[in-house]
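Trainee: Here it is: the structure, laid out below.
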Amino acid sequence: MNWKAVAAAAAMAGIAAGSVTAADGTHDSRIALMKQIGGSAGALAAIAKGTKPYDAEAVKTALTTIATTAKVFPDQFKPGSDMNDPEVSPKVWENMDDFKARAAKLSTDAETALAQLPADAAAVGATVNTLGANCGGCHKAYRIKE
């Protein structure tokens with residue numbers, strides 16, 4: 001049995017379920033989606049740093065998770081959703097078009113990397129730098145650190 005394929009299928013099922021069950025606009029749902037992105041970014045970073053061996057299936061799974069989750073993340077910030085979230089700046093709702101554009105760029109950049117699958121740790125590192133810049137820019141603009 002191809003365990004990598006089974007693991008990838010299970011991860012994709014988890015992504016789909018997580019996206020559906022975490023669509024209520026609460027602090028917990030937002031954190032759940034960010035953990036999916038963060039976990040995937042961490043998996044890519046481990047490959048880039050050489051602490052984990054290059055694994056094309058793991059790279060595909062991580063990039064797919066980031067692309068898929070980034071697409072649905074802005075849905076967690078509808079008018080009337082949890083605007084008292086202590087980690088979210090009110091600027092999200094004030095600048096919703098920019099917020100959505102940033103999420104779309106992260107998703108598109110992950111999809112582009114997926115289409116041109118990084119073939120080694122160095123290429124994964126370049127991808128991590130690109131995706132990380134997207135994440136950092138959005139966090140700087142819209143996240144409040146406690």
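We name chains A, B, ... following the order of the structure tokens; residues begin at 1 in each chain, and ligands are numbered from 1 as shown.
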So which residues of chain A fall under helix (DSSP H, G or I) by DSSP, listed as a PyMOL selection string?

Mentor: chain A and resi 3-21+27-49+56-77+91-94+96-115+121-142

Trainee: Could you write out that same residue set with C-alpha atoms as an mmCIF file, in the first residue's frame?

Mentor:
```
data_model
loop_
_atom_site.group_PDB
_atom_site.id
_atom_site.type_symbol
_atom_site.label_atom_id
_atom_site.label_comp_id
_atom_site.auth_asym_id
_atom_site.auth_seq_id
_atom_site.Cartn_x
_atom_site.Cartn_y
_atom_site.Cartn_z
ATOM 1 C CA TRP A 3 1.219 5.130 2.621
ATOM 2 C CA LYS A 4 2.168 8.524 1.225
ATOM 3 C CA ALA A 5 -0.925 8.498 -0.988
ATOM 4 C CA VAL A 6 -3.088 7.457 1.960
ATOM 5 C CA ALA A 7 -1.596 10.219 4.112
ATOM 6 C CA ALA A 8 -2.129 12.793 1.377
ATOM 7 C CA ALA A 9 -5.745 11.696 0.902
ATOM 8 C CA ALA A 10 -6.354 11.874 4.639
ATOM 9 C CA ALA A 11 -4.816 15.341 4.780
ATOM 10 C CA MET A 12 -6.996 16.548 1.927
ATOM 11 C CA ALA A 13 -10.101 15.135 3.631
ATOM 12 C CA GLY A 14 -9.079 16.970 6.786
ATOM 13 C CA ILE A 15 -8.656 20.207 4.845
ATOM 14 C CA ALA A 16 -12.115 19.919 3.358
ATOM 15 C CA ALA A 17 -13.691 19.036 6.703
ATOM 16 C CA GLY A 18 -11.770 21.773 8.500
ATOM 17 C CA SER A 19 -12.844 24.374 5.987
ATOM 18 C CA VAL A 20 -16.482 23.386 6.327
ATOM 19 C CA THR A 21 -16.562 23.008 10.104
ATOM 20 C CA HIS A 27 -11.806 33.266 17.042
ATOM 21 C CA ASP A 28 -11.561 29.470 17.230
ATOM 22 C CA SER A 29 -12.490 28.969 13.576
ATOM 23 C CA ARG A 30 -9.952 31.561 12.478
ATOM 24 C CA ILE A 31 -7.241 29.966 14.597
ATOM 25 C CA ALA A 32 -8.077 26.509 13.218
ATOM 26 C CA LEU A 33 -7.592 27.730 9.652
ATOM 27 C CA MET A 34 -4.396 29.606 10.509
ATOM 28 C CA LYS A 35 -3.041 26.443 12.160
ATOM 29 C CA GLN A 36 -3.648 24.569 8.909
ATOM 30 C CA ILE A 37 -1.633 27.172 7.022
ATOM 31 C CA GLY A 38 1.019 27.384 9.738
ATOM 32 C CA GLY A 39 1.428 23.626 9.917
ATOM 33 C CA SER A 40 1.854 23.431 6.175
ATOM 34 C CA ALA A 41 4.335 26.298 6.164
ATOM 35 C CA GLY A 42 6.225 24.543 8.949
ATOM 36 C CA ALA A 43 6.382 21.325 6.928
ATOM 37 C CA LEU A 44 7.792 23.251 3.970
ATOM 38 C CA ALA A 45 10.276 25.095 6.191
ATOM 39 C CA ALA A 46 11.531 21.804 7.643
ATOM 40 C CA ILE A 47 12.259 20.552 4.128
ATOM 41 C CA ALA A 48 13.898 23.847 3.179
ATOM 42 C CA LYS A 49 16.120 23.760 6.297
ATOM 43 C CA ALA A 56 7.327 15.700 -3.249
ATOM 44 C CA GLU A 57 4.043 14.405 -1.801
ATOM 45 C CA ALA A 58 4.549 16.347 1.414
ATOM 46 C CA VAL A 59 5.312 19.491 -0.604
ATOM 47 C CA LYS A 60 2.178 18.968 -2.724
ATOM 48 C CA THR A 61 0.029 18.425 0.355
ATOM 49 C CA ALA A 62 1.388 21.508 2.118
ATOM 50 C CA LEU A 63 0.974 23.770 -0.909
ATOM 51 C CA THR A 64 -2.527 22.456 -1.549
ATOM 52 C CA THR A 65 -3.490 23.101 2.066
ATOM 53 C CA ILE A 66 -2.170 26.658 1.929
ATOM 54 C CA ALA A 67 -3.873 27.405 -1.396
ATOM 55 C CA THR A 68 -7.212 25.951 -0.321
ATOM 56 C CA THR A 69 -7.274 27.441 3.157
ATOM 57 C CA ALA A 70 -6.219 30.915 2.029
ATOM 58 C CA LYS A 71 -9.194 30.960 -0.341
ATOM 59 C CA VAL A 72 -11.726 30.408 2.432
ATOM 60 C CA PHE A 73 -10.022 32.362 5.203
ATOM 61 C CA PRO A 74 -11.556 35.765 4.344
ATOM 62 C CA ASP A 75 -15.014 34.199 4.711
ATOM 63 C CA GLN A 76 -14.318 34.166 8.455
ATOM 64 C CA PHE A 77 -14.583 37.967 8.551
ATOM 65 C CA LYS A 91 -8.714 47.227 9.970
ATOM 66 C CA VAL A 92 -9.729 43.858 8.477
ATOM 67 C CA TRP A 93 -13.323 45.052 8.156
ATOM 68 C CA GLU A 94 -12.265 48.588 7.192
ATOM 69 C CA MET A 96 -11.785 44.141 3.365
ATOM 70 C CA ASP A 97 -10.804 44.425 -0.304
ATOM 71 C CA ASP A 98 -7.112 44.564 0.603
ATOM 72 C CA PHE A 99 -7.512 41.731 3.116
ATOM 73 C CA LYS A 100 -9.181 39.543 0.487
ATOM 74 C CA ALA A 101 -6.551 40.477 -2.102
ATOM 75 C CA ARG A 102 -3.766 39.434 0.278
ATOM 76 C CA ALA A 103 -5.428 36.069 0.918
ATOM 77 C CA ALA A 104 -5.966 35.586 -2.811
ATOM 78 C CA LYS A 105 -2.301 36.354 -3.498
ATOM 79 C CA LEU A 106 -1.205 33.776 -0.932
ATOM 80 C CA SER A 107 -3.501 31.211 -2.533
ATOM 81 C CA THR A 108 -2.343 32.071 -6.052
ATOM 82 C CA ASP A 109 1.331 31.956 -5.074
ATOM 83 C CA ALA A 110 0.800 28.533 -3.467
ATOM 84 C CA GLU A 111 -1.020 27.307 -6.583
ATOM 85 C CA THR A 112 1.787 28.624 -8.803
ATOM 86 C CA ALA A 113 4.357 26.798 -6.686
ATOM 87 C CA LEU A 114 2.228 23.665 -6.845
ATOM 88 C CA ALA A 115 2.051 23.865 -10.648
ATOM 89 C CA ALA A 121 15.084 21.751 -0.671
ATOM 90 C CA ALA A 122 16.514 24.951 -2.178
ATOM 91 C CA ALA A 123 13.455 25.427 -4.385
ATOM 92 C CA VAL A 124 11.190 24.727 -1.413
ATOM 93 C CA GLY A 125 13.139 27.413 0.479
ATOM 94 C CA ALA A 126 12.470 29.961 -2.259
ATOM 95 C CA THR A 127 8.782 29.057 -2.116
ATOM 96 C CA VAL A 128 8.760 29.443 1.668
ATOM 97 C CA ASN A 129 10.278 32.916 1.266
ATOM 98 C CA THR A 130 7.569 33.939 -1.185
ATOM 99 C CA LEU A 131 4.708 32.538 0.874
ATOM 100 C CA GLY A 132 6.213 33.847 4.102
ATOM 101 C CA ALA A 133 6.336 37.371 2.720
ATOM 102 C CA ASN A 134 2.608 37.123 1.978
ATOM 103 C CA CYS A 135 1.870 35.873 5.483
ATOM 104 C CA GLY A 136 4.086 38.444 7.168
ATOM 105 C CA GLY A 137 2.597 41.353 5.266
ATOM 106 C CA CYS A 138 -0.935 40.387 6.160
ATOM 107 C CA HIS A 139 -0.075 39.726 9.798
ATOM 108 C CA LYS A 140 1.662 43.085 10.047
ATOM 109 C CA ALA A 141 -1.372 44.879 8.642
ATOM 110 C CA TYR A 142 -4.183 42.928 10.293
#
```
